$ cat input24.txt   # compact mmCIF, C-alpha atoms
# COMPACT_ATOMS: atom_id res chain seq x y z
CA MET A 118 -49.96 -80.98 58.07
CA ARG A 119 -46.71 -80.29 56.29
CA LYS A 120 -48.49 -78.37 53.56
CA GLN A 121 -50.20 -76.18 56.16
CA ARG A 122 -46.89 -75.43 57.83
CA ILE A 123 -45.28 -74.44 54.54
CA ILE A 124 -48.17 -72.08 53.76
CA TYR A 125 -47.88 -70.60 57.28
CA TRP A 126 -44.22 -69.76 56.87
CA LEU A 127 -44.72 -68.38 53.39
CA VAL A 128 -47.15 -65.91 54.94
CA MET A 129 -44.69 -65.13 57.75
CA LEU A 130 -41.82 -64.52 55.35
CA LEU A 131 -43.85 -62.55 52.82
CA PRO A 132 -42.96 -59.13 54.35
CA ALA A 133 -39.28 -59.88 53.69
CA LEU A 134 -39.89 -60.00 49.93
CA PRO A 135 -39.19 -56.74 48.08
CA LEU A 136 -42.33 -54.81 47.15
CA GLN A 137 -42.22 -53.20 43.74
CA ALA A 138 -44.93 -50.66 44.55
CA GLN A 139 -43.30 -49.56 47.83
CA ARG A 140 -40.37 -47.20 47.97
CA GLN A 141 -37.15 -48.74 49.24
CA TRP A 142 -35.31 -46.24 51.47
CA THR A 143 -31.52 -46.21 51.36
CA LEU A 144 -29.45 -44.91 54.25
CA ASP A 145 -28.87 -41.62 52.43
CA ASP A 146 -32.62 -41.32 51.76
CA CYS A 147 -33.33 -41.66 55.48
CA ILE A 148 -30.72 -39.09 56.45
CA SER A 149 -31.85 -36.56 53.82
CA HIS A 150 -35.49 -36.91 54.90
CA ALA A 151 -34.61 -36.51 58.59
CA MET A 152 -32.60 -33.35 57.89
CA GLN A 153 -35.75 -31.77 56.44
CA HIS A 154 -38.46 -33.11 58.74
CA ASN A 155 -37.08 -34.05 62.16
CA ILE A 156 -38.85 -31.92 64.76
CA THR A 157 -35.92 -31.64 67.16
CA LEU A 158 -33.71 -30.39 64.34
CA GLN A 159 -36.37 -27.89 63.26
CA LYS A 160 -36.47 -26.51 66.82
CA SER A 161 -32.71 -25.99 66.71
CA LYS A 162 -33.09 -24.05 63.46
CA LEU A 163 -35.68 -21.80 65.10
CA GLN A 164 -33.20 -21.05 67.89
CA LEU A 165 -30.68 -20.09 65.20
CA GLN A 166 -33.17 -17.63 63.70
CA SER A 167 -33.76 -16.16 67.15
CA ALA A 168 -30.00 -15.68 67.59
CA SER A 169 -29.87 -13.90 64.22
CA GLU A 170 -32.53 -11.46 65.43
CA ASP A 171 -30.43 -10.78 68.54
CA VAL A 172 -27.53 -9.76 66.30
CA LYS A 173 -29.74 -7.24 64.48
CA GLN A 174 -30.94 -5.85 67.80
CA GLN A 175 -27.40 -5.34 69.12
CA LYS A 176 -26.34 -3.63 65.89
CA GLY A 177 -29.35 -1.34 66.21
CA ALA A 178 -28.10 -0.29 69.65
CA LEU A 179 -25.14 1.42 67.93
CA LEU A 180 -27.50 3.92 66.28
CA PRO A 181 -29.04 7.02 67.92
CA SER A 182 -32.39 6.60 69.63
CA LEU A 183 -35.26 8.90 68.70
CA ASN A 184 -38.66 9.14 70.34
CA ALA A 185 -41.64 11.48 70.17
CA SER A 186 -43.80 12.39 73.16
CA THR A 187 -46.87 14.45 73.84
CA ASN A 188 -48.74 15.32 77.04
CA HIS A 189 -52.24 16.71 77.43
CA SER A 190 -53.91 17.82 80.67
CA ILE A 191 -56.91 19.71 81.96
CA GLY A 192 -56.68 22.10 84.95
CA TYR A 193 -59.27 23.73 87.19
CA GLN A 194 -58.96 26.97 89.27
CA PRO A 195 -62.11 27.22 91.45
CA TRP A 196 -61.35 30.67 93.05
CA LYS A 197 -60.18 32.51 89.99
CA ASP A 198 -62.03 35.92 89.73
CA ASN A 199 -60.46 37.65 86.74
CA GLY A 200 -60.89 36.76 83.16
CA ILE A 201 -61.13 38.14 79.63
CA ALA A 202 -63.36 41.19 78.83
CA THR A 203 -64.94 41.54 75.41
CA VAL A 204 -67.21 44.29 73.89
CA THR A 205 -70.27 43.13 71.95
CA ASN A 206 -72.85 45.67 70.57
CA GLY A 207 -71.61 48.36 72.96
CA GLN A 208 -71.76 46.07 75.97
CA VAL A 209 -68.77 44.86 77.95
CA ASN A 210 -68.83 41.11 78.72
CA ALA A 211 -66.43 39.53 81.18
CA LYS A 212 -65.61 35.80 80.97
CA VAL A 213 -63.79 33.88 83.68
CA ASP A 214 -62.35 30.51 82.54
CA LYS A 215 -61.77 28.37 85.58
CA THR A 216 -61.09 25.28 83.48
CA TYR A 217 -58.10 25.30 81.12
CA TYR A 218 -56.22 22.90 78.83
CA ASN A 219 -52.46 22.36 78.45
CA GLY A 220 -50.70 20.53 75.62
CA SER A 221 -47.00 19.80 75.13
CA TYR A 222 -45.14 18.14 72.25
CA GLY A 223 -41.56 16.92 72.14
CA LEU A 224 -39.03 15.09 69.99
CA ASN A 225 -35.95 13.74 71.81
CA ALA A 226 -32.79 12.02 70.52
CA GLN A 227 -29.83 10.41 72.27
CA TRP A 228 -26.70 8.78 70.94
CA THR A 229 -24.16 6.96 73.09
CA VAL A 230 -20.85 7.97 71.55
CA TRP A 231 -18.64 5.96 73.90
CA ASN A 232 -19.30 3.53 76.75
CA GLY A 233 -16.01 1.70 76.94
CA GLY A 234 -16.72 -0.32 73.79
CA ARG A 235 -19.59 -2.13 75.54
CA ASN A 236 -22.06 -1.75 72.67
CA ARG A 237 -19.64 -2.98 70.02
CA ASN A 238 -18.61 -5.90 72.20
CA ASN A 239 -22.29 -6.73 72.69
CA VAL A 240 -22.52 -7.00 68.91
CA LYS A 241 -19.55 -9.38 68.92
CA MET A 242 -21.15 -11.44 71.69
CA SER A 243 -24.40 -11.77 69.77
CA GLN A 244 -22.51 -12.75 66.61
CA LEU A 245 -20.61 -15.42 68.52
CA SER A 246 -23.87 -16.67 70.02
CA GLU A 247 -25.30 -16.87 66.51
CA GLN A 248 -22.33 -18.96 65.41
CA GLN A 249 -22.81 -21.26 68.40
CA ALA A 250 -26.51 -21.63 67.56
CA GLU A 251 -25.54 -22.59 64.01
CA LEU A 252 -23.07 -25.14 65.34
CA SER A 253 -25.77 -26.45 67.68
CA VAL A 254 -27.89 -27.19 64.60
CA SER A 255 -24.96 -29.08 63.11
CA GLU A 256 -24.47 -31.00 66.37
CA GLN A 257 -28.12 -32.00 66.39
CA ALA A 258 -27.94 -33.03 62.73
CA ASN A 259 -24.84 -35.15 63.40
CA SER A 260 -26.53 -36.81 66.36
CA ILE A 261 -29.58 -37.68 64.25
CA GLU A 262 -27.39 -38.96 61.42
CA GLU A 263 -25.45 -41.15 63.84
CA ARG A 264 -28.64 -42.57 65.32
CA ILE A 265 -30.06 -43.29 61.87
CA CYS A 266 -26.88 -45.19 60.95
CA GLN A 267 -27.23 -47.29 64.09
CA LEU A 268 -30.91 -48.10 63.53
CA TYR A 269 -30.48 -48.74 59.81
CA THR A 270 -27.61 -51.13 60.45
CA GLN A 271 -29.64 -52.88 63.16
CA CYS A 272 -32.47 -53.36 60.66
CA LEU A 273 -30.10 -54.86 58.08
CA TYR A 274 -28.64 -57.13 60.76
CA MET A 275 -32.07 -58.34 61.90
CA ARG A 276 -33.14 -59.04 58.32
CA GLU A 277 -30.14 -61.25 57.77
CA ALA A 278 -30.66 -62.85 61.19
CA ILE A 279 -34.23 -63.68 60.14
CA ARG A 280 -32.88 -65.45 57.07
CA VAL A 281 -30.53 -67.49 59.24
CA ASP A 282 -33.25 -68.33 61.75
CA SER A 283 -35.66 -69.23 58.95
CA ALA A 284 -33.09 -71.56 57.40
CA MET A 285 -32.62 -73.18 60.79
CA LEU A 286 -36.38 -73.57 61.08
CA GLN A 287 -36.53 -75.33 57.73
CA THR A 288 -33.79 -77.68 58.90
CA SER A 289 -35.75 -78.37 62.11
CA LEU A 290 -38.84 -79.16 60.04
CA LYS A 291 -36.85 -81.64 57.97
CA ASN A 292 -35.40 -83.24 61.11
CA GLU A 293 -38.87 -83.50 62.66
CA ASN A 294 -40.31 -85.11 59.53
CA ARG A 295 -37.37 -87.50 59.34
CA GLY A 296 -37.89 -88.30 63.03
CA LYS A 297 -41.52 -89.20 62.40
CA GLU A 298 -40.45 -91.57 59.61
CA MET A 299 -37.89 -93.18 61.94
CA VAL A 300 -40.49 -93.59 64.72
CA GLU A 301 -42.82 -95.35 62.28
CA ALA A 302 -39.94 -97.57 61.24
CA GLY A 303 -39.07 -98.32 64.88
CA LEU A 304 -35.67 -96.62 64.62
CA LEU A 305 -36.38 -93.70 67.00
CA ALA A 306 -38.16 -93.42 70.32
CA LYS A 307 -41.13 -91.09 70.68
CA ALA A 308 -39.29 -89.24 73.44
CA ASP A 309 -36.54 -88.36 70.95
CA LEU A 310 -39.16 -87.23 68.45
CA ALA A 311 -40.58 -84.93 71.13
CA GLN A 312 -37.14 -83.28 71.41
CA LEU A 313 -37.14 -82.67 67.66
CA THR A 314 -40.62 -81.18 67.87
CA SER A 315 -39.53 -78.96 70.75
CA GLN A 316 -36.52 -77.80 68.74
CA ARG A 317 -38.75 -76.93 65.79
CA ALA A 318 -41.07 -74.93 68.08
CA SER A 319 -38.06 -73.15 69.58
CA ASP A 320 -36.85 -72.19 66.10
CA GLU A 321 -40.31 -70.89 65.25
CA TYR A 322 -40.13 -68.69 68.34
CA ASN A 323 -36.68 -67.42 67.28
CA VAL A 324 -38.05 -66.33 63.91
CA VAL A 325 -41.03 -64.55 65.48
CA GLU A 326 -38.74 -62.88 68.04
CA ALA A 327 -36.38 -61.71 65.30
CA TRP A 328 -39.31 -60.23 63.38
CA SER A 329 -40.43 -58.45 66.54
CA GLN A 330 -37.00 -56.88 67.01
CA LEU A 331 -36.89 -55.82 63.36
CA GLU A 332 -40.28 -54.14 63.66
CA ASN A 333 -39.13 -52.35 66.81
CA TYR A 334 -36.04 -50.93 65.05
CA MET A 335 -38.14 -49.97 62.05
CA LEU A 336 -40.57 -48.16 64.36
CA GLN A 337 -37.75 -46.19 65.96
CA LEU A 338 -36.45 -45.28 62.51
CA ARG A 339 -39.90 -44.15 61.37
CA GLN A 340 -40.23 -41.96 64.45
CA LEU A 341 -36.84 -40.40 63.83
CA LEU A 342 -37.88 -39.62 60.26
CA GLU A 343 -41.18 -38.13 61.53
CA LEU A 344 -43.19 -40.40 59.22
CA LYS A 345 -46.95 -40.61 59.70
CA ALA A 346 -48.77 -43.84 60.47
CA ASN A 347 -50.15 -44.11 56.94
CA ASP A 348 -46.78 -43.45 55.26
CA GLN A 349 -45.35 -46.58 53.65
CA PHE A 350 -41.81 -47.24 54.75
CA ASP A 351 -39.33 -50.02 54.08
CA ILE A 352 -35.55 -49.93 53.94
CA ALA A 353 -33.64 -51.17 50.93
CA ASP A 354 -33.16 -54.95 51.15
CA THR A 355 -29.38 -54.80 50.88
CA GLU A 356 -27.22 -57.53 52.33
CA ALA A 357 -23.79 -56.28 53.33
CA SER A 358 -20.88 -58.32 52.07
CA ASP A 359 -17.97 -59.64 54.09
CA ALA A 360 -15.63 -57.69 51.80
CA GLN A 361 -17.16 -54.42 53.03
CA ALA A 362 -16.63 -55.40 56.65
CA LEU A 363 -13.09 -56.60 56.00
CA ALA A 364 -12.07 -53.32 54.33
CA PRO A 365 -9.29 -51.42 56.14
CA THR A 366 -10.49 -49.52 59.20
CA PRO A 367 -9.70 -45.78 59.18
CA SER A 368 -6.73 -44.77 61.31
CA LEU A 369 -7.58 -43.69 64.86
CA VAL A 370 -5.15 -40.74 64.76
CA ASP A 371 -6.34 -39.58 61.33
CA VAL A 372 -10.01 -39.70 62.32
CA TYR A 373 -9.35 -37.81 65.55
CA GLU A 374 -7.32 -35.07 63.83
CA GLN A 375 -10.00 -34.61 61.17
CA ALA A 376 -12.70 -34.55 63.82
CA LEU A 377 -10.84 -31.89 65.81
CA ALA A 378 -10.70 -29.71 62.70
CA GLN A 379 -14.36 -29.91 61.70
CA ARG A 380 -16.65 -31.30 64.42
CA PRO A 381 -19.18 -28.63 65.52
CA GLU A 382 -18.94 -29.51 69.22
CA ILE A 383 -15.22 -28.60 69.16
CA LYS A 384 -15.80 -25.39 67.21
CA SER A 385 -18.56 -24.42 69.62
CA ARG A 386 -16.22 -24.76 72.62
CA GLN A 387 -13.57 -22.72 70.79
CA ILE A 388 -16.12 -19.97 70.19
CA GLY A 389 -16.98 -20.25 73.88
CA ILE A 390 -13.42 -19.13 74.67
CA GLU A 391 -13.82 -16.13 72.33
CA SER A 392 -17.12 -15.28 74.02
CA ALA A 393 -15.46 -15.37 77.43
CA ASN A 394 -12.76 -12.97 76.21
CA VAL A 395 -15.38 -10.54 74.89
CA GLN A 396 -17.36 -10.86 78.12
CA LEU A 397 -14.24 -9.85 80.05
CA ALA A 398 -13.87 -6.75 77.87
CA ILE A 399 -17.52 -5.86 78.53
CA ALA A 400 -17.00 -6.27 82.27
CA LYS A 401 -13.90 -4.03 82.23
CA ALA A 402 -15.90 -1.33 80.42
CA GLY A 403 -17.68 -0.73 83.73
CA HIS A 404 -14.55 1.18 84.87
CA LEU A 405 -14.70 3.57 81.89
CA PRO A 406 -16.78 6.74 81.38
CA THR A 407 -19.84 6.96 79.17
CA ILE A 408 -20.29 9.84 76.72
CA ALA A 409 -23.62 10.58 75.08
CA ILE A 410 -25.04 13.35 72.88
CA THR A 411 -28.59 14.48 73.53
CA GLY A 412 -30.93 16.73 71.58
CA GLY A 413 -34.56 17.65 71.48
CA ALA A 414 -37.30 19.87 70.11
CA SER A 415 -40.42 20.88 72.07
CA THR A 416 -43.39 23.21 72.12
CA SER A 417 -46.59 23.68 74.15
CA THR A 418 -50.03 25.25 74.13
CA ASN A 419 -52.44 26.60 76.79
CA SER A 420 -56.11 27.40 76.38
CA LEU A 421 -55.85 30.50 78.67
CA SER A 422 -53.50 32.24 76.24
CA ASN A 423 -54.87 34.98 73.99
CA ASN A 424 -52.81 33.55 71.10
CA GLY A 425 -54.24 30.92 68.82
CA TRP A 426 -53.07 27.32 68.81
CA GLY A 427 -50.85 27.80 65.76
CA ASN A 428 -49.17 30.92 67.14
CA GLN A 429 -48.53 29.20 70.46
CA MET A 430 -46.97 26.19 68.71
CA LYS A 431 -44.65 28.61 66.90
CA THR A 432 -43.74 30.97 69.73
CA ASN A 433 -43.27 28.21 72.31
CA PHE A 434 -41.08 26.07 70.01
CA GLY A 435 -37.53 25.47 71.24
CA LEU A 436 -34.45 23.32 70.52
CA THR A 437 -32.05 21.80 73.06
CA GLY A 438 -28.75 19.98 72.73
CA GLY A 439 -26.18 18.70 75.13
CA LEU A 440 -23.26 16.46 75.94
CA GLN A 441 -23.64 13.98 78.78
CA LEU A 442 -20.64 12.52 80.60
CA SER A 443 -20.99 9.78 83.22
CA MET A 444 -17.92 8.76 85.23
CA PRO A 445 -18.14 5.70 87.54
CA ILE A 446 -16.59 6.33 90.94
CA PHE A 447 -17.99 3.75 93.31
CA ASP A 448 -20.53 1.05 92.41
CA GLY A 449 -20.40 -1.23 95.42
CA ARG A 450 -17.73 -3.46 93.81
CA GLN A 451 -20.15 -4.52 91.07
CA THR A 452 -17.70 -3.93 88.20
CA LYS A 453 -14.78 -5.65 89.94
CA THR A 454 -16.98 -8.66 90.70
CA ASN A 455 -18.08 -8.81 87.05
CA VAL A 456 -14.44 -8.72 85.92
CA GLU A 457 -13.41 -11.51 88.30
CA LYS A 458 -16.35 -13.67 87.24
CA ALA A 459 -15.48 -13.07 83.58
CA LYS A 460 -11.93 -14.30 84.28
CA LEU A 461 -13.35 -17.42 85.90
CA GLN A 462 -15.56 -17.91 82.83
CA GLN A 463 -12.42 -17.76 80.68
CA MET A 464 -10.89 -20.61 82.63
CA GLN A 465 -14.18 -22.53 82.50
CA ALA A 466 -14.28 -22.15 78.70
CA GLN A 467 -10.73 -23.51 78.43
CA LEU A 468 -11.67 -26.52 80.56
CA ASP A 469 -14.85 -27.08 78.52
CA LEU A 470 -12.77 -27.26 75.34
CA ALA A 471 -10.27 -29.68 76.90
CA ASP A 472 -13.10 -31.83 78.26
CA GLN A 473 -14.86 -31.91 74.88
CA GLN A 474 -11.62 -32.90 73.15
CA LYS A 475 -11.18 -35.73 75.65
CA GLN A 476 -14.76 -36.92 75.16
CA LEU A 477 -14.33 -36.80 71.39
CA TYR A 478 -11.19 -38.92 71.58
CA GLN A 479 -12.86 -41.44 73.89
CA THR A 480 -15.83 -41.75 71.53
CA ILE A 481 -13.67 -42.20 68.43
CA GLU A 482 -11.35 -44.61 70.24
CA GLY A 483 -14.38 -46.68 71.32
CA TYR A 484 -15.66 -46.90 67.75
CA TRP A 485 -12.18 -47.74 66.48
CA LEU A 486 -11.65 -50.49 69.05
CA ASP A 487 -15.07 -51.97 68.31
CA ALA A 488 -14.39 -51.89 64.57
CA THR A 489 -10.96 -53.55 64.77
CA THR A 490 -12.00 -56.09 67.42
CA ASN A 491 -15.12 -57.17 65.56
CA GLN A 492 -13.19 -57.35 62.32
CA GLN A 493 -10.86 -59.85 63.97
CA LYS A 494 -13.88 -61.70 65.36
CA LEU A 495 -15.34 -61.84 61.85
CA HIS A 496 -12.27 -63.67 60.56
CA ALA A 497 -12.55 -66.24 63.33
CA ALA A 498 -16.36 -66.50 63.13
CA THR A 499 -16.29 -67.12 59.38
CA ALA A 500 -13.94 -70.07 59.83
CA ASN A 501 -16.05 -71.31 62.75
CA VAL A 502 -19.25 -71.23 60.63
CA GLU A 503 -17.60 -73.27 57.88
CA SER A 504 -16.39 -75.83 60.42
CA ALA A 505 -19.72 -75.97 62.28
CA GLN A 506 -21.65 -76.31 59.01
CA ALA A 507 -19.49 -79.20 57.82
CA SER A 508 -19.78 -80.90 61.22
CA TYR A 509 -23.56 -80.50 61.31
CA ASP A 510 -24.01 -81.77 57.76
CA LEU A 511 -22.08 -84.91 58.74
CA LEU A 512 -24.10 -85.30 61.97
CA GLN A 513 -27.35 -85.01 60.03
CA GLU A 514 -26.31 -87.69 57.58
CA GLN A 515 -25.28 -89.98 60.42
CA PHE A 516 -28.52 -89.30 62.31
CA ASN A 517 -30.59 -90.17 59.24
CA VAL A 518 -29.01 -93.63 59.14
CA GLY A 519 -29.17 -94.07 62.92
CA LEU A 520 -25.46 -93.62 63.71
CA LYS A 521 -25.92 -90.49 65.86
CA ASN A 522 -28.45 -89.87 68.61
CA ILE A 523 -30.79 -86.93 69.00
CA ALA A 524 -28.66 -85.17 71.62
CA GLU A 525 -25.62 -85.09 69.33
CA LEU A 526 -27.72 -83.76 66.45
CA LEU A 527 -29.29 -80.96 68.50
CA ASN A 528 -25.93 -80.05 70.01
CA GLY A 529 -24.38 -79.73 66.57
CA LYS A 530 -27.30 -77.62 65.36
CA GLY A 531 -26.99 -75.32 68.35
CA GLN A 532 -23.27 -74.84 67.69
CA LEU A 533 -23.97 -74.01 64.03
CA LEU A 534 -26.65 -71.47 64.94
CA GLN A 535 -24.39 -69.80 67.52
CA ALA A 536 -21.53 -69.63 65.00
CA GLN A 537 -23.78 -68.02 62.39
CA GLN A 538 -25.12 -65.49 64.87
CA ASN A 539 -21.59 -64.62 66.03
CA ARG A 540 -20.54 -64.08 62.43
CA LEU A 541 -23.51 -61.81 61.69
CA GLN A 542 -22.98 -59.79 64.84
CA ALA A 543 -19.26 -59.33 64.16
CA LYS A 544 -19.90 -58.30 60.54
CA TYR A 545 -22.55 -55.69 61.25
CA LEU A 546 -20.80 -54.27 64.31
CA THR A 547 -17.70 -53.83 62.15
CA LEU A 548 -19.71 -52.11 59.42
CA LEU A 549 -21.49 -49.86 61.89
CA ASN A 550 -18.36 -48.70 63.69
CA GLN A 551 -16.47 -48.17 60.45
CA GLN A 552 -19.34 -46.02 59.21
CA LEU A 553 -19.36 -44.00 62.44
CA LEU A 554 -15.62 -43.43 62.12
CA ARG A 555 -16.17 -42.07 58.62
CA LEU A 556 -18.88 -39.76 59.93
CA TYR A 557 -16.57 -38.37 62.60
CA ALA A 558 -13.89 -37.88 59.96
CA GLY A 559 -16.36 -35.76 58.00
CA ALA A 560 -17.25 -38.20 55.21
CA HIS A 561 -20.81 -38.27 53.86
CA SER A 562 -22.70 -41.33 54.98
CA SER A 563 -23.30 -44.11 52.48
CA HIS A 564 -23.93 -47.81 52.74
$ encode --input "input24.txt" --output "structure tokens"
Amino acid sequence: MRKQRIIYWLVMLLPALPLQAQRQWTLDDCISHAMQHNITLQKSKLQLQSASEDVKQQKGALLPSLNASTNHSIGYQPWKDNGIATVTNGQVNAKVDKTYYNGSYGLNAQWTVWNGGRNRNNVKMSQLSEQQAELSVSEQANSIEERICQLYTQCLYMREAIRVDSAMLQTSLKNENRGKEMVEAGLLAKADLAQLTSQRASDEYNVVEAWSQLENYMLQLRQLLELKANDQFDIADTEASDAQALAPTPSLVDVYEQALAQRPEIKSRQIGIESANVQLAIAKAGHLPTIAITGGASTSTNSLSNNGWGNQMKTNFGLTGGLQLSMPIFDGRQTKTNVEKAKLQQMQAQLDLADQQKQLYQTIEGYWLDATTNQQKLHAATANVESAQASYDLLQEQFNVGLKNIAELLNGKGQLLQAQQNRLQAKYLTLLNQQLLRLYAGAHSSH
């Protein structure tokens, strides 16, 4: 029976062993892959390309417009009684054309010389929108990177938790086997042995549950990386050290100041203020006149004319040119309303920036508090594990010789397991929040 159980757990723990033929993904590997393949990020990049096309369109609006046109029609005069007389072989022939054809051809150009700076400000608006689209890509990339850090750290935490739970399971197996020996020797009641068996089964469940959580985090990570079902994936089997977690936590003020200077969400809100200022200038342009230069060339033909098509095209050809001035006088308060709304948008942009700065500080402060608090917990949890381990080792020795009962043994084991779990949780929460602080300060992620 014992041999079967050992084989069973070797099979269960086999996936935790490093596979030489399978690539081990580091945190940087995951982030680099996601930056190239994540679908949400790719959509953001397409929006950036669309914004770039808008800039080209607005710049094109500064140039003159030119278009060609032609019109062709057929007419019918049912009561027409005069026509064209021709002499053929001494005979006079009269022809009356009641159906005729008209053709016209034109080339027209227009150039808006001045419209209150509206066209040039539209170019500025499209350029600012392009910058915001670029920053949106960076925001999306940062969000993905942050999520990958969280999932990757969760995977590392669960792997180490599996090792702890597996070690506890091995201890439960030893206690159960020792209990069976004591029952045979008459030193332990069968009811107490049942408690040991129940504890072993509970520890088996903990290992299976930990594996389930690890697989769930790995699945989320695979989905974020846009990996296919047949793509092999396994993270690097790296166990974080206590020294890494106990390293100095970045300063809250320093991280916030660096984040203010380089985070895309802050830059985007700052550009939003610039956009509101340009929008106000565009709205005010509605009070100003518009000046445009027009020009054109045209000609026409008619089938009733005695001249040939080529002569008509030449004789009917003409050029036109002009200067167009449009002065707004009354537009039903449309321009004034646009100006007032643009002013409100200015105030809204200022509030958006202040709100984003506040949210950024709250986020960074939360990470900083979690990092420092869990670092303190790690100090205490490490000492607690050492104490609980020493206490449990003593309890186990005393139980083996019959000096301690089953309740005391299981209580000591439970305290040791809780201490180990607290230590793991404090360590990995510290590592995670320290890493997030570095990301917000602009440092490249590494683990």
$ residues_around --input "input24.txt" --residues "Glu356 of chain A" --least-positions-apart "3" --cutoff "9 Å" --atoms "all atoms listed in the file" --output "PyMOL selection string"
chain A and resi 273-274+276-277
$ residues_around --input "input24.txt" --residues "Gln375 of chain A" --least-positions-apart "4" --cutoff "12 Å" --atoms "only C-alpha atoms" --output "PDB file with C-alpha atoms, in the coordinates of the input"
ATOM      1  CA  PRO A 367      -9.700 -45.780  59.180  1.00  0.00           C
ATOM      2  CA  SER A 368      -6.730 -44.770  61.310  1.00  0.00           C
ATOM      3  CA  LEU A 369      -7.580 -43.690  64.860  1.00  0.00           C
ATOM      4  CA  VAL A 370      -5.150 -40.740  64.760  1.00  0.00           C
ATOM      5  CA  ASP A 371      -6.340 -39.580  61.330  1.00  0.00           C
ATOM      6  CA  GLN A 379     -14.360 -29.910  61.700  1.00  0.00           C
ATOM      7  CA  ARG A 380     -16.650 -31.300  64.420  1.00  0.00           C
ATOM      8  CA  PRO A 381     -19.180 -28.630  65.520  1.00  0.00           C
ATOM      9  CA  ILE A 383     -15.220 -28.600  69.160  1.00  0.00           C
ATOM     10  CA  LEU A 477     -14.330 -36.800  71.390  1.00  0.00           C
ATOM     11  CA  TYR A 478     -11.190 -38.920  71.580  1.00  0.00           C
ATOM     12  CA  ILE A 481     -13.670 -42.200  68.430  1.00  0.00           C
ATOM     13  CA  LEU A 554     -15.620 -43.430  62.120  1.00  0.00           C
ATOM     14  CA  ARG A 555     -16.170 -42.070  58.620  1.00  0.00           C
ATOM     15  CA  LEU A 556     -18.880 -39.760  59.930  1.00  0.00           C
ATOM     16  CA  TYR A 557     -16.570 -38.370  62.600  1.00  0.00           C
ATOM     17  CA  ALA A 558     -13.890 -37.880  59.960  1.00  0.00           C
ATOM     18  CA  GLY A 559     -16.360 -35.760  58.000  1.00  0.00           C
ATOM     19  CA  ALA A 560     -17.250 -38.200  55.210  1.00  0.00           C
TER      20      ALA A 560
END
$ closest_residue --input "input24.txt" --among "A:Gln249, A:Arg235, A:Ala507, A:Gln476" --to "Ala400 of chain A" --atoms "only C-alpha atoms"
A:Arg235
$ closest_atom_pairs --input "input24.txt" --of "segment 350-439 of chain A" --to "segment 336-339 of chain A" --cutoff "10 Å" --atoms "all atoms listed in the file" --output "CSV"
residue,atom,partner,partner_atom,distance
A:Phe350,CA,A:Arg339,CA,7.6
A:Asp351,CA,A:Arg339,CA,9.4
A:Ile352,CA,A:Leu338,CA,9.8
$ atom_distance --input "input24.txt" --atom1 "atom CA of Gly296 of chain A" --atom2 "atom CA of Gly519 of chain A"
10.5 Å
$ axis_aligned_box --input "input24.txt" --around "segment 502-505 of chain A" --padding-each-side "3 Å" --output "AutoDock Vina command-line options"
--center_x -18.1 --center_y -73.6 --center_z 60.1 --size_x 9.3 --size_y 10.7 --size_z 10.4
$ closest_atom_pairs --input "input24.txt" --of "segment 177-280 of chain A" --to "segment 422-433 of chain A" --cutoff "10 Å" --atoms "only C-alpha atoms" --output "JSON lines"
{"residue": "A:Ile201", "atom": "CA", "partner": "A:Asn423", "partner_atom": "CA", "distance": 9.0}
{"residue": "A:Tyr217", "atom": "CA", "partner": "A:Ser422", "partner_atom": "CA", "distance": 9.7}
{"residue": "A:Gly220", "atom": "CA", "partner": "A:Met430", "partner_atom": "CA", "distance": 9.7}
{"residue": "A:Ser221", "atom": "CA", "partner": "A:Met430", "partner_atom": "CA", "distance": 9.1}
{"residue": "A:Tyr222", "atom": "CA", "partner": "A:Met430", "partner_atom": "CA", "distance": 9.0}
$ write_last_selection --input "input24.txt" --atoms "C-alpha atoms" --output "JSON list (two decimals), in the coordinates of the input"
[["chain", "number", "residue", "atom", "x", "y", "z"],
["A", 201, "ILE", "CA", -61.13, 38.14, 79.63],
["A", 217, "TYR", "CA", -58.10, 25.30, 81.12],
["A", 220, "GLY", "CA", -50.70, 20.53, 75.62],
["A", 221, "SER", "CA", -47.00, 19.80, 75.13],
["A", 222, "TYR", "CA", -45.14, 18.14, 72.25]]
$ residues_around --input "input24.txt" --residues "segment 303-319 of chain A" --least-positions-apart "5" --cutoff "8 Å" --atoms "all atoms listed in the file" --output "ChimeraX atom specification"
/A:286,289-290,292-293,296-297,519,523,527
$ residues_near_point --input "input24.txt" --point "(-32.9, -46.0, 53.6)" --cutoff "10 Å" --atoms "all atoms listed in the file" --output "number ranges by chain"
A: 140-150, 265-266, 269, 338, 350-355, 563-564
$ residues_around --input "input24.txt" --residues "Glu256 of chain A" --least-positions-apart "3" --cutoff "10 Å" --atoms "all atoms listed in the file" --output "number ranges by chain"
A: 158, 161, 250-253, 259-262, 380-383, 385
$ closest_residue --input "input24.txt" --among "A:Leu179, A:Val281, A:Ile446, A:Ile388" --to "Ala536 of chain A" --atoms "only C-alpha atoms"
A:Val281
$ atom_distance --input "input24.txt" --atom1 "atom CA of Pro181 of chain A" --atom2 "atom CA of Ile408 of chain A"
12.7 Å
$ closest_residue --input "input24.txt" --among "A:Glu391, A:Asp348, A:Asp320, A:Asp359" --to "Gln463 of chain A" --atoms "all atoms listed in the file"
A:Glu391
$ atom_distance --input "input24.txt" --atom1 "atom CA of Cys272 of chain A" --atom2 "atom CA of Gly529 of chain A"
28.2 Å
$ closest_residue --input "input24.txt" --among "A:Ile279, A:Lys530, A:Leu363, A:Trp228" --to "Leu180 of chain A" --atoms "all atoms listed in the file"
A:Trp228
